[in-house]
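K.L.:
This one is target-v4.txt, compact mmCIF, C-alpha atoms and all ligand atoms.
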```
# COMPACT_ATOMS: atom_id res chain seq x y z
CA MET A 2 8.59 74.02 -49.91
CA GLN A 3 4.81 74.00 -49.76
CA TYR A 4 3.26 70.56 -49.43
CA TYR A 5 0.88 68.42 -47.37
CA ASN A 6 2.20 65.42 -45.45
CA SER A 7 -0.60 63.25 -46.82
CA ILE A 8 -3.75 63.72 -48.88
CA VAL A 9 -5.93 63.71 -45.74
CA GLU A 10 -4.48 67.08 -44.74
CA THR A 11 -6.34 68.59 -47.72
CA ILE A 12 -9.76 67.70 -46.24
CA GLY A 13 -12.03 70.68 -45.50
CA ASN A 14 -11.83 74.41 -46.23
CA THR A 15 -14.08 74.01 -49.26
CA PRO A 16 -15.25 77.10 -51.18
CA LEU A 17 -18.57 78.93 -50.88
CA VAL A 18 -19.95 79.87 -54.30
CA LYS A 19 -22.88 82.14 -55.22
CA LEU A 20 -25.71 80.73 -57.32
CA ASN A 21 -26.54 83.12 -60.15
CA LYS A 22 -28.99 81.56 -62.63
CA VAL A 23 -31.21 79.01 -60.90
CA THR A 24 -32.00 81.64 -58.26
CA LYS A 25 -33.68 84.03 -60.73
CA ASN A 26 -36.44 86.11 -59.06
CA ILE A 27 -35.44 84.92 -55.59
CA LYS A 28 -34.41 87.56 -53.02
CA GLY A 29 -31.29 87.39 -50.84
CA THR A 30 -27.87 85.86 -51.45
CA ILE A 31 -27.81 82.12 -52.03
CA LEU A 32 -24.46 80.42 -51.57
CA VAL A 33 -23.47 76.77 -51.97
CA LYS A 34 -20.67 75.02 -50.10
CA VAL A 35 -19.04 72.83 -52.72
CA GLU A 36 -17.89 69.72 -50.89
CA TYR A 37 -16.54 67.95 -53.98
CA PHE A 38 -13.36 69.98 -53.42
CA ASN A 39 -12.49 67.46 -50.70
CA PRO A 40 -9.92 64.86 -51.88
CA GLY A 41 -12.54 62.07 -51.94
CA ASN A 42 -14.91 64.43 -53.76
CA SER A 43 -17.47 64.49 -50.96
CA VAL A 44 -18.44 65.97 -47.60
CA LYS A 45 -17.89 62.54 -46.04
CA ASP A 46 -14.08 62.86 -46.00
CA ARG A 47 -14.65 65.06 -42.95
CA ILE A 48 -16.33 62.31 -40.93
CA GLY A 49 -14.01 59.54 -42.20
CA ILE A 50 -10.97 61.05 -40.52
CA LYS A 51 -12.89 62.14 -37.40
CA MET A 52 -14.52 58.74 -36.73
CA ILE A 53 -11.18 56.95 -37.21
CA GLU A 54 -9.18 59.34 -35.01
CA ASP A 55 -11.81 59.31 -32.25
CA ALA A 56 -11.81 55.48 -32.31
CA GLU A 57 -8.00 55.45 -32.06
CA LYS A 58 -8.15 57.80 -29.08
CA ALA A 59 -10.79 55.60 -27.40
CA GLY A 60 -8.63 52.50 -28.00
CA ILE A 61 -11.37 50.87 -30.14
CA LEU A 62 -9.21 50.87 -33.29
CA LYS A 63 -5.73 49.38 -33.03
CA PRO A 64 -2.82 49.16 -35.51
CA GLY A 65 -3.47 46.71 -38.38
CA GLY A 66 -7.23 46.79 -37.73
CA THR A 67 -10.05 46.44 -40.26
CA ILE A 68 -12.70 49.15 -40.72
CA ILE A 69 -16.16 47.79 -41.60
CA GLU A 70 -18.97 50.17 -42.55
CA GLY A 71 -22.36 50.24 -44.26
CA THR A 72 -22.10 53.13 -46.70
CA SER A 73 -23.81 54.71 -49.71
CA GLY A 74 -20.30 55.15 -51.11
CA ASN A 75 -19.11 58.54 -49.99
CA THR A 76 -18.43 57.60 -46.36
CA GLY A 77 -16.53 54.57 -47.62
CA MET A 78 -14.36 56.84 -49.73
CA GLY A 79 -13.71 59.14 -46.75
CA LEU A 80 -12.86 56.21 -44.49
CA ALA A 81 -10.68 54.61 -47.19
CA LEU A 82 -8.54 57.75 -47.61
CA THR A 83 -7.76 57.99 -43.90
CA ALA A 84 -7.36 54.19 -43.67
CA ILE A 85 -4.70 54.29 -46.41
CA ALA A 86 -2.84 57.10 -44.65
CA LYS A 87 -2.90 55.16 -41.36
CA GLY A 88 -2.51 51.57 -42.64
CA TYR A 89 -5.95 50.04 -41.93
CA LYS A 90 -7.93 47.58 -44.13
CA CYS A 91 -11.49 48.42 -45.21
CA ILE A 92 -14.61 46.32 -45.92
CA PHE A 93 -17.78 48.17 -47.02
CA THR A 94 -21.36 46.93 -47.32
CA MET A 95 -23.57 48.82 -49.79
CA SER A 96 -27.17 48.53 -50.94
CA ASP A 97 -27.66 47.46 -54.56
CA LYS A 98 -29.37 50.75 -55.56
CA GLN A 99 -26.04 52.60 -55.36
CA SER A 100 -24.25 53.43 -58.60
CA GLN A 101 -21.62 51.06 -60.01
CA GLU A 102 -19.21 54.00 -60.10
CA LYS A 103 -19.32 54.28 -56.32
CA ILE A 104 -18.53 50.56 -55.94
CA ASN A 105 -15.65 50.81 -58.42
CA ILE A 106 -14.19 53.85 -56.68
CA LEU A 107 -14.07 52.02 -53.33
CA LYS A 108 -12.42 49.00 -54.96
CA ALA A 109 -9.91 51.31 -56.65
CA LEU A 110 -8.87 52.45 -53.18
CA GLY A 111 -8.21 48.86 -52.14
CA ALA A 112 -11.41 48.25 -50.17
CA GLU A 113 -13.49 45.06 -50.27
CA VAL A 114 -17.15 45.81 -51.19
CA VAL A 115 -20.15 43.61 -50.29
CA VAL A 116 -23.34 44.50 -52.20
CA CYS A 117 -26.61 43.83 -50.30
CA PRO A 118 -30.30 44.02 -51.35
CA THR A 119 -32.03 47.44 -50.90
CA ASN A 120 -35.62 46.34 -50.48
CA VAL A 121 -35.35 44.46 -47.18
CA GLU A 122 -36.07 45.70 -43.63
CA PRO A 123 -33.05 47.25 -41.84
CA ASP A 124 -33.06 44.40 -39.27
CA ASP A 125 -33.26 41.70 -41.99
CA PRO A 126 -29.97 39.72 -41.87
CA ARG A 127 -29.41 40.51 -45.58
CA SER A 128 -29.57 44.33 -45.15
CA TYR A 129 -26.35 46.30 -45.47
CA TYR A 130 -26.69 47.41 -41.83
CA SER A 131 -26.98 43.79 -40.60
CA VAL A 132 -24.18 42.45 -42.80
CA ALA A 133 -21.80 45.16 -41.55
CA LYS A 134 -22.66 44.36 -37.92
CA ARG A 135 -22.14 40.61 -38.49
CA LEU A 136 -18.75 41.10 -40.18
CA ASN A 137 -17.71 43.35 -37.28
CA LYS A 138 -18.61 40.56 -34.81
CA GLU A 139 -16.80 37.85 -36.74
CA ILE A 140 -13.62 39.63 -37.90
CA PRO A 141 -11.05 40.07 -35.10
CA ASN A 142 -9.58 43.55 -34.49
CA SER A 143 -12.31 45.19 -36.56
CA PHE A 144 -14.00 48.55 -36.01
CA TYR A 145 -17.57 49.39 -37.11
CA PRO A 146 -17.76 53.21 -37.22
CA ASN A 147 -21.57 53.17 -37.72
CA GLN A 148 -21.95 56.66 -39.18
CA TYR A 149 -25.67 56.63 -38.30
CA ASP A 150 -25.28 56.49 -34.54
CA ASN A 151 -21.62 57.52 -34.03
CA LEU A 152 -21.70 61.09 -32.73
CA SER A 153 -18.18 61.74 -34.06
CA ASN A 154 -20.07 62.25 -37.33
CA THR A 155 -21.96 65.31 -36.04
CA ALA A 156 -18.83 66.43 -34.17
CA ALA A 157 -16.81 66.52 -37.42
CA HIS A 158 -19.24 69.08 -38.83
CA TYR A 159 -19.46 71.00 -35.56
CA GLU A 160 -15.66 71.30 -35.58
CA THR A 161 -15.02 71.98 -39.29
CA THR A 162 -17.98 72.65 -41.63
CA GLY A 163 -19.85 74.89 -39.16
CA PRO A 164 -16.89 77.17 -38.30
CA GLU A 165 -15.94 77.40 -42.00
CA ILE A 166 -19.44 78.59 -42.96
CA TRP A 167 -19.54 81.06 -40.05
CA LYS A 168 -16.18 82.53 -41.05
CA GLN A 169 -16.88 82.54 -44.79
CA THR A 170 -20.18 84.41 -44.31
CA GLU A 171 -18.70 86.68 -41.61
CA GLY A 172 -21.58 85.59 -39.39
CA LYS A 173 -24.13 87.03 -41.87
CA ILE A 174 -25.75 83.64 -42.55
CA THR A 175 -29.53 83.63 -41.86
CA HIS A 176 -30.61 80.30 -43.44
CA TYR A 177 -28.86 76.96 -43.73
CA ALA A 178 -30.05 73.98 -45.80
CA ALA A 179 -28.70 70.43 -46.18
CA GLY A 180 -29.95 67.01 -47.22
CA VAL A 181 -30.47 64.63 -44.31
CA GLY A 182 -29.12 61.07 -44.38
CA THR A 183 -27.29 60.22 -41.17
CA GLY A 184 -28.05 63.80 -40.02
CA GLY A 185 -24.41 64.58 -39.24
CA THR A 186 -23.99 67.40 -41.75
CA ILE A 187 -27.18 69.28 -40.92
CA CYS A 188 -26.97 68.85 -37.15
CA GLY A 189 -23.25 69.50 -36.61
CA VAL A 190 -23.39 72.73 -38.63
CA SER A 191 -26.78 73.77 -37.19
CA LYS A 192 -25.52 73.31 -33.61
CA TYR A 193 -22.45 75.48 -34.28
CA LEU A 194 -24.44 78.21 -36.04
CA LYS A 195 -27.36 78.31 -33.56
CA GLU A 196 -24.93 78.61 -30.63
CA ARG A 197 -23.66 81.81 -32.20
CA LYS A 198 -26.89 83.08 -33.73
CA PRO A 199 -29.99 81.27 -32.39
CA ASN A 200 -32.31 82.57 -35.10
CA VAL A 201 -30.42 80.98 -38.01
CA PHE A 202 -33.18 78.99 -39.76
CA THR A 203 -32.24 75.40 -40.62
CA LEU A 204 -33.88 73.44 -43.38
CA GLY A 205 -33.52 69.66 -43.72
CA ILE A 206 -34.07 68.21 -47.18
CA ASP A 207 -35.81 64.84 -47.13
CA THR A 208 -37.02 62.42 -49.82
CA TYR A 209 -40.43 60.88 -50.51
CA GLY A 210 -40.07 57.37 -49.08
CA SER A 211 -38.30 58.57 -45.91
CA VAL A 212 -39.51 58.91 -42.31
CA PHE A 213 -37.90 62.21 -41.23
CA LYS A 214 -40.45 64.90 -42.16
CA LYS A 215 -43.46 63.09 -40.68
CA TYR A 216 -41.50 62.26 -37.51
CA LYS A 217 -40.52 65.93 -37.03
CA GLU A 218 -44.10 67.11 -37.55
CA THR A 219 -46.00 64.45 -35.57
CA GLY A 220 -43.47 62.55 -33.42
CA ILE A 221 -44.74 59.37 -35.11
CA PHE A 222 -42.42 56.86 -36.77
CA ASP A 223 -44.79 55.99 -39.60
CA GLU A 224 -43.85 52.85 -41.56
CA ASN A 225 -46.29 53.87 -44.30
CA GLU A 226 -43.85 56.67 -45.17
CA ILE A 227 -41.26 54.07 -46.17
CA TYR A 228 -41.10 53.02 -49.83
CA PRO A 229 -38.32 52.74 -52.43
CA TYR A 230 -36.89 55.91 -53.95
CA LEU A 231 -33.86 56.64 -56.08
CA THR A 232 -32.03 59.73 -54.79
CA GLU A 233 -28.80 58.54 -53.18
CA GLY A 234 -27.49 59.66 -49.78
CA ILE A 235 -30.57 61.31 -48.24
CA GLY A 236 -33.76 60.07 -46.56
CA GLU A 237 -33.84 57.07 -44.22
CA ASP A 238 -36.06 54.23 -43.00
CA ILE A 239 -34.51 54.50 -39.53
CA LEU A 240 -33.95 57.34 -37.03
CA PRO A 241 -30.15 57.72 -36.75
CA LYS A 242 -28.77 59.09 -33.45
CA ASN A 243 -27.04 61.85 -35.43
CA VAL A 244 -30.43 63.37 -36.32
CA ASP A 245 -31.30 65.83 -33.54
CA PHE A 246 -34.76 67.03 -34.54
CA ASN A 247 -34.42 70.12 -32.31
CA LEU A 248 -31.64 71.39 -34.58
CA ILE A 249 -33.74 71.14 -37.77
CA ASP A 250 -36.47 73.79 -38.01
CA LEU A 251 -38.29 72.46 -41.07
CA PHE A 252 -38.13 69.45 -43.39
CA ILE A 253 -38.99 69.71 -47.07
CA LYS A 254 -39.43 66.61 -49.23
CA VAL A 255 -38.18 66.62 -52.82
CA THR A 256 -39.06 64.05 -55.51
CA ASP A 257 -36.42 62.02 -57.38
CA LYS A 258 -37.42 63.80 -60.60
CA ASP A 259 -37.26 67.38 -59.26
CA ALA A 260 -33.89 66.57 -57.67
CA ALA A 261 -32.52 65.04 -60.89
CA LEU A 262 -33.63 67.94 -63.10
CA MET A 263 -32.24 70.55 -60.69
CA THR A 264 -28.92 68.67 -60.54
CA ARG A 265 -28.68 68.87 -64.34
CA ARG A 266 -29.51 72.59 -64.22
CA LEU A 267 -26.73 73.18 -61.67
CA ALA A 268 -24.27 71.62 -64.13
CA ARG A 269 -25.53 73.42 -67.22
CA GLU A 270 -26.44 76.81 -65.77
CA GLU A 271 -23.98 77.22 -62.90
CA GLY A 272 -21.07 74.99 -64.04
CA LEU A 273 -21.49 72.98 -60.84
CA PHE A 274 -21.09 69.32 -61.86
CA VAL A 275 -22.52 67.86 -58.67
CA GLY A 276 -24.36 64.79 -57.37
CA TRP A 277 -28.08 63.98 -57.22
CA SER A 278 -28.65 64.93 -53.58
CA CYS A 279 -27.22 68.39 -54.41
CA GLY A 280 -30.13 68.96 -56.79
CA ALA A 281 -32.51 67.84 -54.05
CA ALA A 282 -30.96 70.25 -51.54
CA VAL A 283 -31.04 73.19 -53.95
CA TYR A 284 -34.57 72.43 -55.20
CA GLY A 285 -35.96 72.19 -51.65
CA ALA A 286 -34.03 75.20 -50.37
CA LEU A 287 -35.14 77.39 -53.28
CA GLU A 288 -38.76 76.37 -52.80
CA TYR A 289 -38.49 77.80 -49.28
CA ALA A 290 -36.36 80.79 -50.35
CA ARG A 291 -38.81 81.84 -53.07
CA GLU A 292 -41.51 82.44 -50.43
CA HIS A 293 -39.53 83.57 -47.41
CA LEU A 294 -36.14 85.12 -48.20
CA LYS A 295 -35.66 88.90 -47.92
CA ASP A 296 -33.05 91.07 -49.66
CA ASN A 297 -30.48 90.96 -46.86
CA ASP A 298 -30.84 87.26 -46.10
CA VAL A 299 -27.91 84.91 -46.70
CA MET A 300 -28.68 81.24 -47.30
CA VAL A 301 -26.00 78.52 -47.42
CA ILE A 302 -26.79 75.16 -49.03
CA ILE A 303 -24.45 72.16 -48.72
CA LEU A 304 -23.61 70.37 -51.97
CA PRO A 305 -22.32 66.98 -50.74
CA ASP A 306 -20.63 65.35 -53.74
CA HIS A 307 -19.47 65.31 -57.38
CA GLY A 308 -21.32 64.50 -60.61
CA THR A 309 -18.98 61.78 -61.93
CA ARG A 310 -20.64 59.24 -59.64
CA TYR A 311 -23.97 59.78 -61.44
CA LEU A 312 -22.85 59.85 -65.10
CA ASN A 313 -24.71 56.61 -65.87
CA LYS A 314 -27.86 57.80 -64.10
CA ILE A 315 -29.14 61.37 -63.99
CA TYR A 316 -26.55 62.70 -66.45
CA ASN A 317 -27.49 59.97 -68.95
CA ASP A 318 -30.39 61.09 -71.21
CA GLU A 319 -31.54 57.53 -71.95
CA TRP A 320 -31.65 56.68 -68.25
CA MET A 321 -33.58 59.90 -67.57
CA LYS A 322 -36.11 59.10 -70.33
CA ASN A 323 -36.54 55.51 -69.12
CA HIS A 324 -37.46 56.86 -65.69
CA GLY A 325 -39.86 59.45 -67.14
CA PHE A 326 -37.68 62.26 -65.79
CA LEU A 327 -36.65 64.00 -68.99
CA GLU A 328 -38.80 66.92 -70.13
CA ALA A 329 -39.47 67.67 -73.80
CA GLU A 330 -37.08 70.64 -73.89
CA PHE A 331 -34.17 68.26 -73.32
CA ALA A 332 -35.00 66.23 -76.48
CA THR A 333 -31.91 65.81 -78.62
CA ALA A 334 -31.62 66.81 -82.28
CA ARG A 335 -31.48 63.10 -83.19
CA ASP A 336 -34.86 62.49 -81.55
CA ILE A 337 -36.39 65.40 -83.47
CA ILE A 338 -35.04 64.14 -86.82
CA LYS A 339 -36.34 60.62 -86.07
CA SER A 340 -39.90 61.77 -85.34
N1 LIG B 401 -25.75 63.43 -49.99
C1 LIG B 401 -24.93 62.40 -50.24
C2 LIG B 401 -24.52 62.13 -51.64
C3 LIG B 401 -24.48 61.60 -49.19
O1 LIG B 401 -23.66 60.55 -49.45
C4 LIG B 401 -24.91 61.87 -47.88
C5 LIG B 401 -24.49 60.97 -46.76
N2 LIG B 401 -25.39 59.91 -46.51
C6 LIG B 401 -25.78 62.95 -47.66
C7 LIG B 401 -26.16 63.71 -48.75
C8 LIG B 401 -26.36 63.28 -46.30
O2 LIG B 401 -25.43 63.69 -45.35
P1 LIG B 401 -25.57 63.25 -43.84
O3 LIG B 401 -25.37 61.76 -43.80
O4 LIG B 401 -24.51 63.98 -43.11
O5 LIG B 401 -26.96 63.60 -43.37
```
For this file, write the structure as structure tokens.

P.N.:
Amino acid sequence: MQYYNSIVETIGNTPLVKLNKVTKNIKGTILVKVEYFNPGNSVKDRIGIKMIEDAEKAGILKPGGTIIEGTSGNTGMGLALTAIAKGYKCIFTMSDKQSQEKINILKALGAEVVVCPTNVEPDDPRSYYSVAKRLNKEIPNSFYPNQYDNLSNTAAHYETTGPEIWKQTEGKITHYAAGVGTGGTICGVSKYLKERKPNVFTLGIDTYGSVFKKYKETGIFDENEIYPYLTEGIGEDILPKNVDFNLIDLFIKVTDKDAALMTRRLAREEGLFVGWSCGAAVYGALEYAREHLKDNDVMVIILPDHGTRYLNKIYNDEWMKNHGFLEAEFATARDIIKS
């Protein structure tokens, strides 16, 4: 018989797929690693199991314990899957800009979700970072993975995502691009690849409203760079320990609108029904590729999650119009008849 002992054994070994249409007039081979093939539909399943198993080994997490994490949704899902397999409870704190779908998914998996305001300082007691830390202090036998500063996050990608990409490209990879949130995905993979091939060029995709790009270029943590933005999962107003700036050669910032429109193109032109940060990663990576890639170059871009979580946002025409993101060519027949 051919079966897995639990769903968590299906994490990883996601496919690499060539982009064919959105890469028109760009040289080289551009491949995407489609992380929605993980059982929780995101790249974060990889760190969920790794952070839990490392905590067990270190004796920080004991049987019957409660896992408490601040999460944009995907890490919660990854933690919840492993927690179910191993019998732990989960409480997640989320900022109120995250989609309702993400909250509902976590509840569906039996987790308790605490929604916190987005537009407060990270050290404000109401922020989702602070609430998670407080719950961890007050709830006995609880474990706060802290995906931002827990280096098991980067290690998960060093041990799984990196080797997969190396093997799948037969070591031919020349460029690697990923959105940067906690930094685990970009840095774990970059470390693995650069150890084998130091000249692999790594591109971190950042958002407007985030501190990363300016910090890389000037070494200054500039608070003026921080303002609200909409793309979920990438960009930060803190410097997580998982971001090793030496492992990221260049940051490119992508607007919410460019990211949203590219995400919709990936669905319609490539059949890749993916999440908002995927559009950001592809838009930013192609901007670089258009200028710099040569015929024999091989670029791999990480696509972190699935489109279902964004159906009421970027895949909703009304929502797109209300945010001024929808271009005229997307006007529906009904709109034309009305005018
Ligand atoms: N995209 C999405 C949708 C995410 O949830 C995350 C995780 N915050 C990222 C990108 C960025 O990945 P990382 O945290 O490993 O930098």

K.L.:
Tell me, as a ChimeraX atom specification, which residues lie within 7 Å of segment 120-136 of chain A, counting all atoms listed in the file; anything in the same chain fewer than 5 positions away does not count.

P.N.:
/A:69-71,94-96

K.L.:
Determine the axis-aligned bounding box of all atoms of ligand LIG 401 (chain B) present in the file, pad each side by 4 Å, and express its centre and edge lengths in Å to one decimal place as JSON.

P.N.:
```
{"center_x": -25.3, "center_y": 61.9, "center_z": -47.4, "size_x": 11.3, "size_y": 12.1, "size_z": 16.5}
```

K.L.:
Using only C-alpha atoms for the distances, tell me which of A:Val35, A:Ile206, A:Ile53, A:Lys28 is nearest to Asp296 of chain A.

P.N.:
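Using only C-alpha atoms, Asp296 of chain A sits closest to A:Lys28.
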
K.L.:
Let me have all residues with an atom within 9 Å of ligand LIG 401 (chain B), counting only C-alpha atoms and all ligand atoms, laid out as a tab-separated table (two decimals) with C-alpha atoms, in the frame of the given file.

P.N.:
```tsv
chain	number	residue	atom	x	y	z
A	43	SER	CA	-17.47	64.49	-50.96
A	44	VAL	CA	-18.44	65.97	-47.60
A	45	LYS	CA	-17.89	62.54	-46.04
A	48	ILE	CA	-16.33	62.31	-40.93
A	72	THR	CA	-22.10	53.13	-46.70
A	73	SER	CA	-23.81	54.71	-49.71
A	74	GLY	CA	-20.30	55.15	-51.11
A	75	ASN	CA	-19.11	58.54	-49.99
A	76	THR	CA	-18.43	57.60	-46.36
A	148	GLN	CA	-21.95	56.66	-39.18
A	149	TYR	CA	-25.67	56.63	-38.30
A	154	ASN	CA	-20.07	62.25	-37.33
A	155	THR	CA	-21.96	65.31	-36.04
A	158	HIS	CA	-19.24	69.08	-38.83
A	179	ALA	CA	-28.70	70.43	-46.18
A	180	GLY	CA	-29.95	67.01	-47.22
A	181	VAL	CA	-30.47	64.63	-44.31
A	182	GLY	CA	-29.12	61.07	-44.38
A	183	THR	CA	-27.29	60.22	-41.17
A	184	GLY	CA	-28.05	63.80	-40.02
A	185	GLY	CA	-24.41	64.58	-39.24
A	186	THR	CA	-23.99	67.40	-41.75
A	187	ILE	CA	-27.18	69.28	-40.92
A	188	CYS	CA	-26.97	68.85	-37.15
A	189	GLY	CA	-23.25	69.50	-36.61
A	205	GLY	CA	-33.52	69.66	-43.72
A	232	THR	CA	-32.03	59.73	-54.79
A	233	GLU	CA	-28.80	58.54	-53.18
A	234	GLY	CA	-27.49	59.66	-49.78
A	235	ILE	CA	-30.57	61.31	-48.24
A	236	GLY	CA	-33.76	60.07	-46.56
A	243	ASN	CA	-27.04	61.85	-35.43
A	244	VAL	CA	-30.43	63.37	-36.32
A	276	GLY	CA	-24.36	64.79	-57.37
A	277	TRP	CA	-28.08	63.98	-57.22
A	278	SER	CA	-28.65	64.93	-53.58
A	279	CYS	CA	-27.22	68.39	-54.41
A	282	ALA	CA	-30.96	70.25	-51.54
A	303	ILE	CA	-24.45	72.16	-48.72
A	304	LEU	CA	-23.61	70.37	-51.97
A	305	PRO	CA	-22.32	66.98	-50.74
A	306	ASP	CA	-20.63	65.35	-53.74
A	307	HIS	CA	-19.47	65.31	-57.38
```

K.L.:
Would you mind reading off the distance between atom CA of Lys138 of chain A and atom CA of Ser100 of chain A, one decimal, in Å?

P.N.:
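Going from atom CA of Lys138 of chain A over to atom CA of Ser100 of chain A, I get 27.6 Å.
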
K.L.:
Report, in Å to a single decimal, how far apart atom CA of Asp150 of chain A and atom CA of Lys242 of chain A are.

P.N.:
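According to the coordinates, atom CA of Lys242 of chain A and atom CA of Asp150 of chain A are separated by 4.5 Å.
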
K.L.:
Between atom CA of Ala157 of chain A and atom CA of Asp55 of chain A, what distance in Å does the model show, to one decimal?

P.N.:
10.2 Å

K.L.:
Which residues come within 7 Å of Phe202 of chain A, counting all atoms listed in the file, excluding same-chain residues fewer than 3 positions away, as a short mmCIF file (atom, residue, chain, number, x, y, z; two decimals) with C-alpha atoms, in the frame of the given file?

P.N.:
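Final file, result22.cif:
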```cif
data_model
loop_
_atom_site.label_atom_id
_atom_site.label_comp_id
_atom_site.auth_asym_id
_atom_site.auth_seq_id
_atom_site.Cartn_x
_atom_site.Cartn_y
_atom_site.Cartn_z
CA THR A 175 -29.53 83.63 -41.86
CA HIS A 176 -30.61 80.30 -43.44
CA TYR A 177 -28.86 76.96 -43.73
CA ASP A 250 -36.47 73.79 -38.01
#
```

K.L.:
Have a look at A:Thr219, A:Gln169, A:Thr24, A:Ser191 and name the one nearest to Ala156 of chain A; count all atoms listed in the file.

P.N.:
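For Ala156 of chain A, the nearest of the given residues is A:Ser191.
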
K.L.:
If we count all atoms listed in the file, what is near Lys254 of chain A at a cut-off of 8 Å, once residues fewer than 4 positions away on the same chain are taken out, given as a PyMOL selection string?

P.N.:
chain A and resi 206-209+214+285

K.L.:
Which residue is closest to Lys314 of chain A? Choose from A:Gln99, A:Asn147, A:Asn14, A:Thr162 and count all atoms listed in the file.

P.N.:
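Using all atoms listed in the file, the shortest distance to Lys314 of chain A belongs to A:Gln99.
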
K.L.:
Using all atoms listed in the file for the distances, tell me which of A:Val114, A:Leu248, A:Ile68, A:Ala178 is nearest to Leu32 of chain A.

P.N.:
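Of the candidates, the smallest distance to Leu32 of chain A is held by A:Ala178.
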
K.L.:
Nearest to Ala81 of chain A: which of A:Leu294, A:Leu152, A:Ala281, A:Ile8 is it, counting all atoms listed in the file?

P.N.:
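Closest candidate: A:Ile8.
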
K.L.:
When you look at Asp223 of chain A with a cut-off of 9 Å (counting all atoms listed in the file), what residues show up, excluding the ones that are within fewer than 6 positions of it in the same chain? I need them as JSON, numbers by chain.

P.N.:
{"A": [212, 215, 216]}

K.L.:
Residues near Arg269 of chain A, anyone? I mean within 12 Å using all atoms listed in the file, not counting same-chain ones fewer than 5 positions away, as a list in words.

P.N.:
Lys22, Val23, Leu262, Met263, Thr264, Phe274, Val275, Gly308, Tyr316 and Phe331 of chain A

K.L.:
For Ile302 of chain A, which residue out of A:Leu287, A:Val255, A:Ile239, A:Leu267 is the nearest one, using all atoms listed in the file?

P.N.:
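Looking only at the distances to Ile302 of chain A, the closest residue turns out to be A:Leu287.
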